[in-house]
file model.cif (mmCIF, C-alpha atoms and all ligand atoms; chains and numbers go by the auth columns)
data_data
#
loop_
_atom_site.group_PDB
_atom_site.id
_atom_site.type_symbol
_atom_site.label_atom_id
_atom_site.label_comp_id
_atom_site.label_asym_id
_atom_site.label_seq_id
_atom_site.Cartn_x
_atom_site.Cartn_y
_atom_site.Cartn_z
_atom_site.B_iso_or_equiv
_atom_site.auth_seq_id
_atom_site.auth_asym_id
ATOM 1 C CA MET A 1 92.194 162.583 156.579 0.00 1 A
ATOM 2 C CA ALA A 2 91.237 164.363 153.336 0.00 2 A
ATOM 3 C CA LYS A 3 93.947 166.360 151.643 0.00 3 A
ATOM 4 C CA LYS A 4 93.941 170.107 152.098 0.00 4 A
ATOM 5 C CA ILE A 5 93.225 171.877 148.834 0.00 5 A
ATOM 6 C CA LEU A 6 95.080 175.068 147.914 0.00 6 A
ATOM 7 C CA VAL A 7 93.573 176.842 144.933 0.00 7 A
ATOM 8 C CA ALA A 8 95.718 179.550 143.347 0.00 8 A
ATOM 9 C CA ASN A 9 93.494 182.000 141.526 0.00 9 A
ATOM 10 C CA TRP A 10 95.885 184.043 139.415 0.00 10 A
ATOM 11 C CA LYS A 11 93.095 186.293 138.081 0.00 11 A
ATOM 12 C CA LEU A 12 94.460 188.615 135.334 0.00 12 A
ATOM 13 C CA ASN A 13 98.093 187.754 136.110 0.00 13 A
ATOM 14 C CA PRO A 14 100.918 187.232 135.200 0.00 14 A
ATOM 15 C CA THR A 15 100.919 189.519 132.188 0.00 15 A
ATOM 16 C CA THR A 16 103.281 187.601 129.888 0.00 16 A
ATOM 17 C CA PRO A 17 103.524 183.912 128.916 0.00 17 A
ATOM 18 C CA ARG A 18 107.126 183.849 130.081 0.00 18 A
ATOM 19 C CA GLU A 19 106.224 184.987 133.579 0.00 19 A
ATOM 20 C CA ALA A 20 103.285 182.564 133.698 0.00 20 A
ATOM 21 C CA LYS A 21 105.569 179.666 132.828 0.00 21 A
ATOM 22 C CA GLN A 22 108.188 180.757 135.347 0.00 22 A
ATOM 23 C CA LEU A 23 105.698 181.101 138.182 0.00 23 A
ATOM 24 C CA PHE A 24 104.117 177.757 137.301 0.00 24 A
ATOM 25 C CA THR A 25 107.475 175.967 137.217 0.00 25 A
ATOM 26 C CA LYS A 26 108.453 177.364 140.613 0.00 26 A
ATOM 27 C CA ILE A 27 105.168 176.317 142.204 0.00 27 A
ATOM 28 C CA LYS A 28 105.186 172.914 140.474 0.00 28 A
ATOM 29 C CA LYS A 29 108.549 172.086 142.053 0.00 29 A
ATOM 30 C CA GLN A 30 107.069 172.663 145.470 0.00 30 A
ATOM 31 C CA THR A 31 104.208 170.243 144.870 0.00 31 A
ATOM 32 C CA SER A 32 106.154 167.112 144.088 0.00 32 A
ATOM 33 C CA GLY A 33 105.770 164.491 146.778 0.00 33 A
ATOM 34 C CA LEU A 34 102.932 166.216 148.609 0.00 34 A
ATOM 35 C CA LYS A 35 100.954 163.738 150.672 0.00 35 A
ATOM 36 C CA ARG A 36 98.546 165.737 152.754 0.00 36 A
ATOM 37 C CA SER A 37 97.771 168.610 150.432 0.00 37 A
ATOM 38 C CA GLU A 38 97.091 169.309 146.786 0.00 38 A
ATOM 39 C CA VAL A 39 97.399 172.411 144.633 0.00 39 A
ATOM 40 C CA VAL A 40 95.076 173.649 141.898 0.00 40 A
ATOM 41 C CA ILE A 41 96.324 176.519 139.753 0.00 41 A
ATOM 42 C CA ALA A 42 93.858 178.713 137.868 0.00 42 A
ATOM 43 C CA PRO A 43 95.805 180.830 135.376 0.00 43 A
ATOM 44 C CA PRO A 44 94.272 183.124 132.767 0.00 44 A
ATOM 45 C CA ALA A 45 92.728 180.769 130.175 0.00 45 A
ATOM 46 C CA ILE A 46 95.111 181.829 127.442 0.00 46 A
ATOM 47 C CA TRP A 47 98.128 180.538 129.366 0.00 47 A
ATOM 48 C CA LEU A 48 96.584 177.148 130.166 0.00 48 A
ATOM 49 C CA SER A 49 97.954 175.257 127.195 0.00 49 A
ATOM 50 C CA LEU A 50 101.456 176.497 127.980 0.00 50 A
ATOM 51 C CA LEU A 51 101.417 174.876 131.406 0.00 51 A
ATOM 52 C CA ASP A 52 101.774 171.170 132.034 0.00 52 A
ATOM 53 C CA ALA A 53 100.838 169.712 135.384 0.00 53 A
ATOM 54 C CA GLY A 54 102.526 166.467 134.276 0.00 54 A
ATOM 55 C CA GLN A 55 102.061 163.196 136.109 0.00 55 A
ATOM 56 C CA ASN A 56 102.147 164.864 139.501 0.00 56 A
ATOM 57 C CA ARG A 57 98.743 164.026 140.921 0.00 57 A
ATOM 58 C CA GLN A 58 99.065 166.708 143.585 0.00 58 A
ATOM 59 C CA LEU A 59 98.952 169.488 140.999 0.00 59 A
ATOM 60 C CA SER A 60 96.005 170.317 138.746 0.00 60 A
ATOM 61 C CA LEU A 61 94.924 173.125 136.465 0.00 61 A
ATOM 62 C CA ALA A 62 91.699 175.086 136.582 0.00 62 A
ATOM 63 C CA GLY A 63 89.830 177.651 134.539 0.00 63 A
ATOM 64 C CA GLN A 64 88.630 180.832 136.239 0.00 64 A
ATOM 65 C CA ASP A 65 85.152 180.799 134.676 0.00 65 A
ATOM 66 C CA ALA A 66 83.381 179.088 131.773 0.00 66 A
ATOM 67 C CA PHE A 67 80.229 179.930 129.846 0.00 67 A
ATOM 68 C CA TYR A 68 77.243 177.576 129.975 0.00 68 A
ATOM 69 C CA GLU A 69 76.816 177.140 126.218 0.00 69 A
ATOM 70 C CA SER A 70 79.341 174.940 124.512 0.00 70 A
ATOM 71 C CA ALA A 71 79.142 176.407 121.003 0.00 71 A
ATOM 72 C CA GLY A 72 77.513 179.204 119.039 0.00 72 A
ATOM 73 C CA ALA A 73 77.509 182.939 118.531 0.00 73 A
ATOM 74 C CA PHE A 74 78.975 183.971 121.891 0.00 74 A
ATOM 75 C CA THR A 75 81.871 186.298 121.197 0.00 75 A
ATOM 76 C CA GLY A 76 84.602 186.215 123.792 0.00 76 A
ATOM 77 C CA ARG A 77 83.227 183.238 125.698 0.00 77 A
ATOM 78 C CA LEU A 78 84.972 179.952 126.515 0.00 78 A
ATOM 79 C CA SER A 79 83.203 176.687 127.268 0.00 79 A
ATOM 80 C CA SER A 80 83.827 174.002 129.865 0.00 80 A
ATOM 81 C CA PRO A 81 84.712 171.364 127.238 0.00 81 A
ATOM 82 C CA MET A 82 87.297 173.800 125.838 0.00 82 A
ATOM 83 C CA PHE A 83 88.868 174.093 129.280 0.00 83 A
ATOM 84 C CA ARG A 84 89.132 170.332 129.461 0.00 84 A
ATOM 85 C CA TYR A 85 90.867 170.177 126.087 0.00 85 A
ATOM 86 C CA ALA A 86 93.286 172.869 127.323 0.00 86 A
ATOM 87 C CA GLY A 87 94.275 170.718 130.298 0.00 87 A
ATOM 88 C CA ALA A 88 92.000 171.914 133.106 0.00 88 A
ATOM 89 C CA THR A 89 90.409 169.412 135.460 0.00 89 A
ATOM 90 C CA HIS A 90 88.754 172.054 137.631 0.00 90 A
ATOM 91 C CA ILE A 91 86.829 175.250 137.029 0.00 91 A
ATOM 92 C CA ILE A 92 86.057 178.184 139.306 0.00 92 A
ATOM 93 C CA ILE A 93 82.447 179.314 138.993 0.00 93 A
ATOM 94 C CA GLY A 94 80.717 182.181 140.792 0.00 94 A
ATOM 95 C CA HIS A 95 83.793 184.108 141.896 0.00 95 A
ATOM 96 C CA SER A 96 82.830 187.442 143.453 0.00 96 A
ATOM 97 C CA GLU A 97 84.577 189.279 140.629 0.00 97 A
ATOM 98 C CA ARG A 98 82.408 187.442 138.067 0.00 98 A
ATOM 99 C CA ARG A 99 79.318 188.150 140.156 0.00 99 A
ATOM 100 C CA LEU A 100 80.284 191.817 140.146 0.00 100 A
ATOM 101 C CA ALA A 101 80.518 191.617 136.355 0.00 101 A
ATOM 102 C CA GLY A 102 76.919 190.397 136.169 0.00 102 A
ATOM 103 C CA ASP A 103 76.750 186.697 137.024 0.00 103 A
ATOM 104 C CA THR A 104 73.501 186.026 138.874 0.00 104 A
ATOM 105 C CA ASP A 105 72.793 182.890 140.914 0.00 105 A
ATOM 106 C CA ASP A 106 70.808 181.505 137.947 0.00 106 A
ATOM 107 C CA ILE A 107 73.645 182.099 135.504 0.00 107 A
ATOM 108 C CA ILE A 108 76.037 180.488 137.974 0.00 108 A
ATOM 109 C CA ASN A 109 73.728 177.484 138.231 0.00 109 A
ATOM 110 C CA LYS A 110 73.756 177.072 134.438 0.00 110 A
ATOM 111 C CA LYS A 111 77.545 177.364 134.375 0.00 111 A
ATOM 112 C CA ILE A 112 77.921 174.784 137.139 0.00 112 A
ATOM 113 C CA LYS A 113 75.658 172.333 135.302 0.00 113 A
ATOM 114 C CA ALA A 114 77.591 172.782 132.051 0.00 114 A
ATOM 115 C CA ALA A 115 80.914 172.320 133.841 0.00 115 A
ATOM 116 C CA LEU A 116 79.764 169.122 135.585 0.00 116 A
ATOM 117 C CA LYS A 117 78.493 167.802 132.269 0.00 117 A
ATOM 118 C CA ALA A 118 81.998 168.378 130.870 0.00 118 A
ATOM 119 C CA ARG A 119 83.345 166.380 133.838 0.00 119 A
ATOM 120 C CA LEU A 120 85.166 169.263 135.445 0.00 120 A
ATOM 121 C CA LYS A 121 85.393 169.574 139.200 0.00 121 A
ATOM 122 C CA VAL A 122 83.607 172.759 140.182 0.00 122 A
ATOM 123 C CA ILE A 123 85.042 175.219 142.682 0.00 123 A
ATOM 124 C CA PHE A 124 81.814 176.997 143.524 0.00 124 A
ATOM 125 C CA CYS A 125 82.394 180.443 145.047 0.00 125 A
ATOM 126 C CA PHE A 126 79.819 182.301 147.054 0.00 126 A
ATOM 127 C CA GLY A 127 79.784 184.757 149.929 0.00 127 A
ATOM 128 C CA GLU A 128 78.125 187.862 151.264 0.00 128 A
ATOM 129 C CA THR A 129 79.267 191.356 150.293 0.00 129 A
ATOM 130 C CA GLU A 130 78.335 192.848 153.659 0.00 130 A
ATOM 131 C CA ARG A 131 78.223 191.337 157.117 0.00 131 A
ATOM 132 C CA ASP A 132 75.371 192.409 159.426 0.00 132 A
ATOM 133 C CA SER A 133 75.229 191.723 163.137 0.00 133 A
ATOM 134 C CA ARG A 134 71.742 190.163 162.999 0.00 134 A
ATOM 135 C CA GLY A 135 72.975 187.294 160.845 0.00 135 A
ATOM 136 C CA GLU A 136 70.880 188.216 157.828 0.00 136 A
ATOM 137 C CA TYR A 137 73.891 187.500 155.670 0.00 137 A
ATOM 138 C CA LEU A 138 73.234 183.814 156.348 0.00 138 A
ATOM 139 C CA THR A 139 70.066 184.073 154.252 0.00 139 A
ATOM 140 C CA VAL A 140 72.170 185.516 151.445 0.00 140 A
ATOM 141 C CA LEU A 141 74.542 182.553 151.675 0.00 141 A
ATOM 142 C CA LYS A 142 71.689 180.066 151.773 0.00 142 A
ATOM 143 C CA ASN A 143 70.062 181.535 148.674 0.00 143 A
ATOM 144 C CA GLN A 144 73.332 181.647 146.752 0.00 144 A
ATOM 145 C CA ILE A 145 73.997 177.995 147.555 0.00 145 A
ATOM 146 C CA LYS A 146 70.465 176.755 146.912 0.00 146 A
ATOM 147 C CA THR A 147 70.041 178.544 143.606 0.00 147 A
ATOM 148 C CA GLY A 148 73.593 177.827 142.485 0.00 148 A
ATOM 149 C CA LEU A 149 73.074 174.112 143.044 0.00 149 A
ATOM 150 C CA GLN A 150 69.456 173.734 141.950 0.00 150 A
ATOM 151 C CA ARG A 151 68.588 170.713 139.789 0.00 151 A
ATOM 152 C CA ILE A 152 72.028 169.196 140.093 0.00 152 A
ATOM 153 C CA GLY A 153 71.975 165.409 140.282 0.00 153 A
ATOM 154 C CA LYS A 154 73.056 163.787 143.524 0.00 154 A
ATOM 155 C CA ASP A 155 75.918 161.963 141.823 0.00 155 A
ATOM 156 C CA ASN A 156 77.489 165.263 140.897 0.00 156 A
ATOM 157 C CA PHE A 157 77.951 166.538 144.431 0.00 157 A
ATOM 158 C CA LYS A 158 81.171 164.585 144.788 0.00 158 A
ATOM 159 C CA HIS A 159 82.649 166.797 142.068 0.00 159 A
ATOM 160 C CA LEU A 160 81.945 169.966 144.011 0.00 160 A
ATOM 161 C CA ILE A 161 84.292 172.088 146.101 0.00 161 A
ATOM 162 C CA MET A 162 82.688 174.964 147.978 0.00 162 A
ATOM 163 C CA ALA A 163 84.693 178.171 148.352 0.00 163 A
ATOM 164 C CA TYR A 164 83.316 180.606 150.872 0.00 164 A
ATOM 165 C CA GLU A 165 84.478 184.133 150.141 0.00 165 A
ATOM 166 C CA PRO A 166 83.237 186.866 152.449 0.00 166 A
ATOM 167 C CA VAL A 167 83.574 189.608 149.834 0.00 167 A
ATOM 168 C CA TRP A 168 84.223 192.325 152.435 0.00 168 A
ATOM 169 C CA ALA A 169 87.344 190.422 153.532 0.00 169 A
ATOM 170 C CA ILE A 170 89.002 189.875 150.137 0.00 170 A
ATOM 171 C CA GLY A 171 91.238 191.788 147.768 0.00 171 A
ATOM 172 C CA GLU A 172 93.363 194.848 148.273 0.00 172 A
ATOM 173 C CA ARG A 173 90.438 196.899 149.466 0.00 173 A
ATOM 174 C CA ALA A 174 89.486 194.465 152.239 0.00 174 A
ATOM 175 C CA ARG A 175 88.528 196.384 155.326 0.00 175 A
ATOM 176 C CA GLU A 176 89.288 193.596 157.727 0.00 176 A
ATOM 177 C CA ALA A 177 90.014 189.910 157.778 0.00 177 A
ATOM 178 C CA ASP A 178 87.593 187.194 158.723 0.00 178 A
ATOM 179 C CA THR A 179 88.586 184.997 161.661 0.00 179 A
ATOM 180 C CA PRO A 180 89.066 181.206 161.776 0.00 180 A
ATOM 181 C CA SER A 181 86.342 180.799 164.407 0.00 181 A
ATOM 182 C CA ASP A 182 83.963 182.848 162.309 0.00 182 A
ATOM 183 C CA PHE A 183 84.795 180.678 159.303 0.00 183 A
ATOM 184 C CA LEU A 184 84.142 177.527 161.309 0.00 184 A
ATOM 185 C CA HIS A 185 80.768 178.871 162.383 0.00 185 A
ATOM 186 C CA ASN A 186 79.842 179.681 158.782 0.00 186 A
ATOM 187 C CA ALA A 187 81.164 176.364 157.482 0.00 187 A
ATOM 188 C CA ILE A 188 78.783 174.546 159.838 0.00 188 A
ATOM 189 C CA PHE A 189 75.944 176.631 158.473 0.00 189 A
ATOM 190 C CA ILE A 190 77.038 175.841 154.896 0.00 190 A
ATOM 191 C CA LYS A 191 77.103 172.100 155.665 0.00 191 A
ATOM 192 C CA LYS A 192 73.572 172.371 157.064 0.00 192 A
ATOM 193 C CA VAL A 193 72.357 174.076 153.899 0.00 193 A
ATOM 194 C CA LEU A 194 74.022 171.369 151.794 0.00 194 A
ATOM 195 C CA ALA A 195 72.428 168.672 153.944 0.00 195 A
ATOM 196 C CA GLY A 196 69.064 170.200 153.056 0.00 196 A
ATOM 197 C CA ILE A 197 69.829 169.692 149.367 0.00 197 A
ATOM 198 C CA VAL A 198 71.445 166.239 149.355 0.00 198 A
ATOM 199 C CA ASP A 199 71.723 163.523 151.957 0.00 199 A
ATOM 200 C CA ARG A 200 73.861 164.195 155.008 0.00 200 A
ATOM 201 C CA LYS A 201 76.677 161.839 154.114 0.00 201 A
ATOM 202 C CA THR A 202 77.146 163.356 150.664 0.00 202 A
ATOM 203 C CA ALA A 203 76.837 166.876 152.096 0.00 203 A
ATOM 204 C CA LEU A 204 79.450 166.325 154.793 0.00 204 A
ATOM 205 C CA ALA A 205 81.957 164.993 152.261 0.00 205 A
ATOM 206 C CA ILE A 206 81.995 168.230 150.232 0.00 206 A
ATOM 207 C CA PRO A 207 85.146 170.244 150.954 0.00 207 A
ATOM 208 C CA ILE A 208 84.640 173.820 152.145 0.00 208 A
ATOM 209 C CA LEU A 209 87.480 176.219 151.402 0.00 209 A
ATOM 210 C CA TYR A 210 88.093 179.614 152.875 0.00 210 A
ATOM 211 C CA GLY A 211 88.585 182.272 150.201 0.00 211 A
ATOM 212 C CA GLY A 212 89.208 185.647 151.745 0.00 212 A
ATOM 213 C CA SER A 213 92.739 187.111 151.676 0.00 213 A
ATOM 214 C CA VAL A 214 94.732 184.111 152.787 0.00 214 A
ATOM 215 C CA ASN A 215 98.510 184.340 153.118 0.00 215 A
ATOM 216 C CA LYS A 216 101.328 182.537 154.891 0.00 216 A
ATOM 217 C CA LYS A 217 100.521 184.327 158.153 0.00 217 A
ATOM 218 C CA ASN A 218 96.906 183.213 158.465 0.00 218 A
ATOM 219 C CA ILE A 219 96.643 179.963 156.462 0.00 219 A
ATOM 220 C CA GLY A 220 97.660 177.779 159.416 0.00 220 A
ATOM 221 C CA ASP A 221 94.901 179.242 161.562 0.00 221 A
ATOM 222 C CA PHE A 222 92.193 178.813 158.938 0.00 222 A
ATOM 223 C CA LEU A 223 93.212 175.202 158.233 0.00 223 A
ATOM 224 C CA GLY A 224 93.817 174.449 161.913 0.00 224 A
ATOM 225 C CA ASP A 225 91.428 176.277 164.244 0.00 225 A
ATOM 226 C CA GLY A 226 89.058 177.101 161.395 0.00 226 A
ATOM 227 C CA GLU A 227 89.047 173.463 160.178 0.00 227 A
ATOM 228 C CA ALA A 228 88.897 174.664 156.562 0.00 228 A
ATOM 229 C CA ASP A 229 89.370 171.907 153.988 0.00 229 A
ATOM 230 C CA GLY A 230 91.537 174.274 152.012 0.00 230 A
ATOM 231 C CA VAL A 231 91.928 177.825 150.795 0.00 231 A
ATOM 232 C CA LEU A 232 91.333 179.893 147.683 0.00 232 A
ATOM 233 C CA VAL A 233 94.243 182.273 147.315 0.00 233 A
ATOM 234 C CA GLY A 234 94.487 185.380 145.140 0.00 234 A
ATOM 235 C CA ARG A 235 97.424 187.768 145.524 0.00 235 A
ATOM 236 C CA ALA A 236 99.582 185.519 147.693 0.00 236 A
ATOM 237 C CA SER A 237 99.541 182.826 144.984 0.00 237 A
ATOM 238 C CA LEU A 238 101.468 185.074 142.584 0.00 238 A
ATOM 239 C CA ASP A 239 104.582 184.926 144.740 0.00 239 A
ATOM 240 C CA ALA A 240 106.133 181.456 144.477 0.00 240 A
ATOM 241 C CA THR A 241 108.029 181.835 147.753 0.00 241 A
ATOM 242 C CA GLU A 242 105.001 182.964 149.714 0.00 242 A
ATOM 243 C CA PHE A 243 102.755 180.358 148.105 0.00 243 A
ATOM 244 C CA GLY A 244 105.414 177.691 148.638 0.00 244 A
ATOM 245 C CA ALA A 245 105.446 178.569 152.329 0.00 245 A
ATOM 246 C CA MET A 246 101.676 178.184 152.395 0.00 246 A
ATOM 247 C CA ILE A 247 101.868 174.741 150.774 0.00 247 A
ATOM 248 C CA LYS A 248 104.419 173.709 153.372 0.00 248 A
ATOM 249 C CA ILE A 249 102.202 174.865 156.236 0.00 249 A
ATOM 250 C CA ALA A 250 99.242 172.903 154.820 0.00 250 A
ATOM 251 C CA GLU A 251 101.384 169.817 154.289 0.00 251 A
ATOM 252 C CA GLU A 252 102.844 169.894 157.777 0.00 252 A
ATOM 253 C CA LEU A 253 99.687 170.781 159.653 0.00 253 A
ATOM 254 C CA LYS A 254 99.269 168.722 162.810 0.00 254 A
HETATM 255 P P1 LIG B . 92.882 187.683 147.626 0.00 1 B
HETATM 256 O O1 LIG B . 91.740 187.138 146.664 0.00 1 B
HETATM 257 O O2 LIG B . 93.576 186.461 148.178 0.00 1 B
HETATM 258 O O3 LIG B . 93.759 188.481 146.728 0.00 1 B
HETATM 259 O O4 LIG B . 92.205 188.492 148.676 0.00 1 B
HETATM 260 C C1 LIG B . 90.967 186.047 147.019 0.00 1 B
HETATM 261 C C2 LIG B . 89.941 185.789 145.948 0.00 1 B
HETATM 262 O O5 LIG B . 89.412 186.733 145.371 0.00 1 B
HETATM 263 O O6 LIG B . 89.682 184.618 145.634 0.00 1 B
#
call {"tool": "encode", "arguments": {"input": "model.cif", "output": "structure tokens"}}
result
Amino acid sequence: MAKKILVANWKLNPTTPREAKQLFTKIKKQTSGLKRSEVVIAPPAIWLSLLDAGQNRQLSLAGQDAFYESAGAFTGRLSSPMFRYAGATHIIIGHSERRLAGDTDDIINKKIKAALKARLKVIFCFGETERDSRGEYLTVLKNQIKTGLQRIGKDNFKHLIMAYEPVWAIGERAREADTPSDFLHNAIFIKKVLAGIVDRKTALAIPILYGGSVNKKNIGDFLGDGEADGVLVGRASLDATEFGAMIKIAEELK
């Protein structure tokens, strides 16, 4: 069975290098010896070089976003190759908070291509902002996926991790939580869309994570009943005890 993937998206936290190192060390301890799960930590880029995932193959580092150009007059931007030099093996692209800040599906596609070229594994986020009862949100998902992945070579699909984030169900302002059975339903749809882009075998091997407000109370249900290949965690990943409990649940899942 494939390992469950737990991505910790720290966003704009912690606020000092000392706290970042402390949090990282506490989480790192809880990843040694993992057999059925793996952890990917995405700290703010500026803390990356301070953190060392070491030889522990169950722990990796990620960037939270990278620009599609690799050099030039782009003030404030960071490139995928730079993330690799700083120790990242993964990169999050298309997070709802980046989309809110202006990333379109075409920009996301360019970022994904640049990241794959730099040999980073891409955690591709997508998801609808509103859910309608007629299922029109599925068209939104389909378009996000198709445009995000356009003109990507078949060989690159094995470096992709899909992270489905129903935007209405994430963050502090989330109105309600999504359910595992709903996730499962959407994951099947996502696999179908992927199978329309690459061959079925390749499509079915791409992990699909659930990325909406996951914590130690609901992770077991999403990984179990929801059959998620992993989770993308925001707030709950900033508390080493809570996140440690989540790792344990993933590791011990029946
Ligand atoms: P949350 O964030 O876990 O804090 O809801 C999830 C995300 O935005 O990836």
call {"tool": "closest_residue", "arguments": {"input": "model.cif", "among": "A:Trp47, A:Tyr210, A:Phe74, A:Tyr164", "to": "Ser96 (chain A)", "atoms": "only C-alpha atoms"}}
result
A:Tyr164
call {"tool": "atom_distance", "arguments": {"input": "model.cif", "atom1": "CA of Val167 (chain A)", "atom2": "CA of Gly127 (chain A)"}}
result
6.2 Å
call {"tool": "atom_distance", "arguments": {"input": "model.cif", "atom1": "CA of Lys201 (chain A)", "atom2": "CA of Ser181 (chain A)"}}
result
23.6 Å
call {"tool": "residues_near_ligand", "arguments": {"input": "model.cif", "ligand": "ligand LIG 1 (chain B)", "cutoff": "10 Å", "atoms": "only C-alpha atoms and all ligand atoms", "output": "VMD selection string"}}
result
chain A and resid 7 to 11 92 95 to 97 125 163 to 174 177 210 to 215 231 to 238
call {"tool": "write_last_selection", "arguments": {"input": "model.cif", "atoms": "C-alpha atoms", "output": "compact mmCIF listing (two decimals), in the coordinates of the input"}}
result
# COMPACT_ATOMS: atom_id res chain seq x y z
CA VAL A 7 93.57 176.84 144.93
CA ALA A 8 95.72 179.55 143.35
CA ASN A 9 93.49 182.00 141.53
CA TRP A 10 95.88 184.04 139.42
CA LYS A 11 93.10 186.29 138.08
CA ILE A 92 86.06 178.18 139.31
CA HIS A 95 83.79 184.11 141.90
CA SER A 96 82.83 187.44 143.45
CA GLU A 97 84.58 189.28 140.63
CA CYS A 125 82.39 180.44 145.05
CA ALA A 163 84.69 178.17 148.35
CA TYR A 164 83.32 180.61 150.87
CA GLU A 165 84.48 184.13 150.14
CA PRO A 166 83.24 186.87 152.45
CA VAL A 167 83.57 189.61 149.83
CA TRP A 168 84.22 192.32 152.44
CA ALA A 169 87.34 190.42 153.53
CA ILE A 170 89.00 189.88 150.14
CA GLY A 171 91.24 191.79 147.77
CA GLU A 172 93.36 194.85 148.27
CA ARG A 173 90.44 196.90 149.47
CA ALA A 174 89.49 194.46 152.24
CA ALA A 177 90.01 189.91 157.78
CA TYR A 210 88.09 179.61 152.88
CA GLY A 211 88.58 182.27 150.20
CA GLY A 212 89.21 185.65 151.74
CA SER A 213 92.74 187.11 151.68
CA VAL A 214 94.73 184.11 152.79
CA ASN A 215 98.51 184.34 153.12
CA VAL A 231 91.93 177.82 150.79
CA LEU A 232 91.33 179.89 147.68
CA VAL A 233 94.24 182.27 147.32
CA GLY A 234 94.49 185.38 145.14
CA ARG A 235 97.42 187.77 145.52
CA ALA A 236 99.58 185.52 147.69
CA SER A 237 99.54 182.83 144.98
CA LEU A 238 101.47 185.07 142.58
call {"tool": "resolve_selection", "arguments": {"input": "model.cif", "expression": "the PyMOL selection byres (((chain A and resi 142-151) around 10) and not hetatm)", "output": "JSON, numbers by chain"}}
result
{"A": [93, 94, 104, 105, 106, 107, 108, 109, 110, 111, 112, 113, 124, 125, 126, 127, 128, 137, 138, 139, 140, 141, 152, 153, 154, 157, 160, 162, 189, 190, 192, 193, 194, 196, 197]}
call {"tool": "write_last_selection", "arguments": {"input": "model.cif", "atoms": "C-alpha atoms", "output": "short mmCIF file (atom, residue, chain, number, x, y, z; two decimals), in the frame of the given file"}}
result
data_model
loop_
_atom_site.label_atom_id
_atom_site.label_comp_id
_atom_site.auth_asym_id
_atom_site.auth_seq_id
_atom_site.Cartn_x
_atom_site.Cartn_y
_atom_site.Cartn_z
CA ILE A 93 82.45 179.31 138.99
CA GLY A 94 80.72 182.18 140.79
CA THR A 104 73.50 186.03 138.87
CA ASP A 105 72.79 182.89 140.91
CA ASP A 106 70.81 181.50 137.95
CA ILE A 107 73.64 182.10 135.50
CA ILE A 108 76.04 180.49 137.97
CA ASN A 109 73.73 177.48 138.23
CA LYS A 110 73.76 177.07 134.44
CA LYS A 111 77.54 177.36 134.38
CA ILE A 112 77.92 174.78 137.14
CA LYS A 113 75.66 172.33 135.30
CA PHE A 124 81.81 177.00 143.52
CA CYS A 125 82.39 180.44 145.05
CA PHE A 126 79.82 182.30 147.05
CA GLY A 127 79.78 184.76 149.93
CA GLU A 128 78.12 187.86 151.26
CA TYR A 137 73.89 187.50 155.67
CA LEU A 138 73.23 183.81 156.35
CA THR A 139 70.07 184.07 154.25
CA VAL A 140 72.17 185.52 151.44
CA LEU A 141 74.54 182.55 151.68
CA ILE A 152 72.03 169.20 140.09
CA GLY A 153 71.97 165.41 140.28
CA LYS A 154 73.06 163.79 143.52
CA PHE A 157 77.95 166.54 144.43
CA LEU A 160 81.94 169.97 144.01
CA MET A 162 82.69 174.96 147.98
CA PHE A 189 75.94 176.63 158.47
CA ILE A 190 77.04 175.84 154.90
CA LYS A 192 73.57 172.37 157.06
CA VAL A 193 72.36 174.08 153.90
CA LEU A 194 74.02 171.37 151.79
CA GLY A 196 69.06 170.20 153.06
CA ILE A 197 69.83 169.69 149.37
#
call {"tool": "atom_distance", "arguments": {"input": "model.cif", "atom1": "CA of Lys217 (chain A)", "atom2": "CA of Ile161 (chain A)"}}
result
23.6 Å
call {"tool": "residues_around", "arguments": {"input": "model.cif", "residues": "Ile27 (chain A)", "least_positions_apart": "4", "cutoff": "12 Å", "atoms": "all atoms listed in the file", "output": "PyMOL selection string"}}
result
chain A and resi 6-8+20-23+31-32+38-41+51-53+58-60+237-248
call {"tool": "closest_residue", "arguments": {"input": "model.cif", "among": "A:Ala115, A:Gly72, A:Leu120, A:Gly226", "to": "Thr89 (chain A)", "atoms": "all atoms listed in the file"}}
result
A:Leu120
call {"tool": "resolve_selection", "arguments": {"input": "model.cif", "expression": "the PyMOL selection byres (((chain A and resi 254) around 8) and not hetatm)", "output": "PyMOL selection string"}}
result
chain A and resi 224+252-253
call {"tool": "resolve_selection", "arguments": {"input": "model.cif", "expression": "the PyMOL selection byres (((chain A and resi 230) around 6) and not hetatm)", "output": "MDAnalysis selection string"}}
result
chainID A and resid 4:6 209 228:229 231
call {"tool": "closest_residue", "arguments": {"input": "model.cif", "among": "A:Arg18, A:Lys158, A:Arg99, A:Arg134", "to": "Thr202 (chain A)", "atoms": "only C-alpha atoms"}}
result
A:Lys158
call {"tool": "closest_residue", "arguments": {"input": "model.cif", "among": "A:Lys26, A:Pro14, A:Gln55, A:Leu100", "to": "Thr129 (chain A)", "atoms": "all atoms listed in the file"}}
result
A:Leu100
call {"tool": "closest_residue", "arguments": {"input": "model.cif", "among": "A:Leu184, A:Met1, A:Ala88, A:Met82", "to": "Pro43 (chain A)", "atoms": "all atoms listed in the file"}}
result
A:Ala88
call {"tool": "residues_around", "arguments": {"input": "model.cif", "residues": "Ala118 (chain A)", "least_positions_apart": "2", "cutoff": "12 Å", "atoms": "only C-alpha atoms", "output": "list in words"}}
result
Ala66, Phe67, Tyr68, Glu69, Ser70, Ser79, Ser80, Pro81, Met82, Phe83, Arg84, Tyr85, Ala88, Thr89, His90, Ile91, Lys111, Ile112, Lys113, Ala114, Ala115, Leu116, Leu120, Lys121, Val122, Asn156 and His159 of chain A
call {"tool": "closest_residue", "arguments": {"input": "model.cif", "among": "A:Gly33, A:Pro17, A:Gly76, A:Pro180", "to": "Leu48 (chain A)", "atoms": "only C-alpha atoms"}}
result
A:Pro17
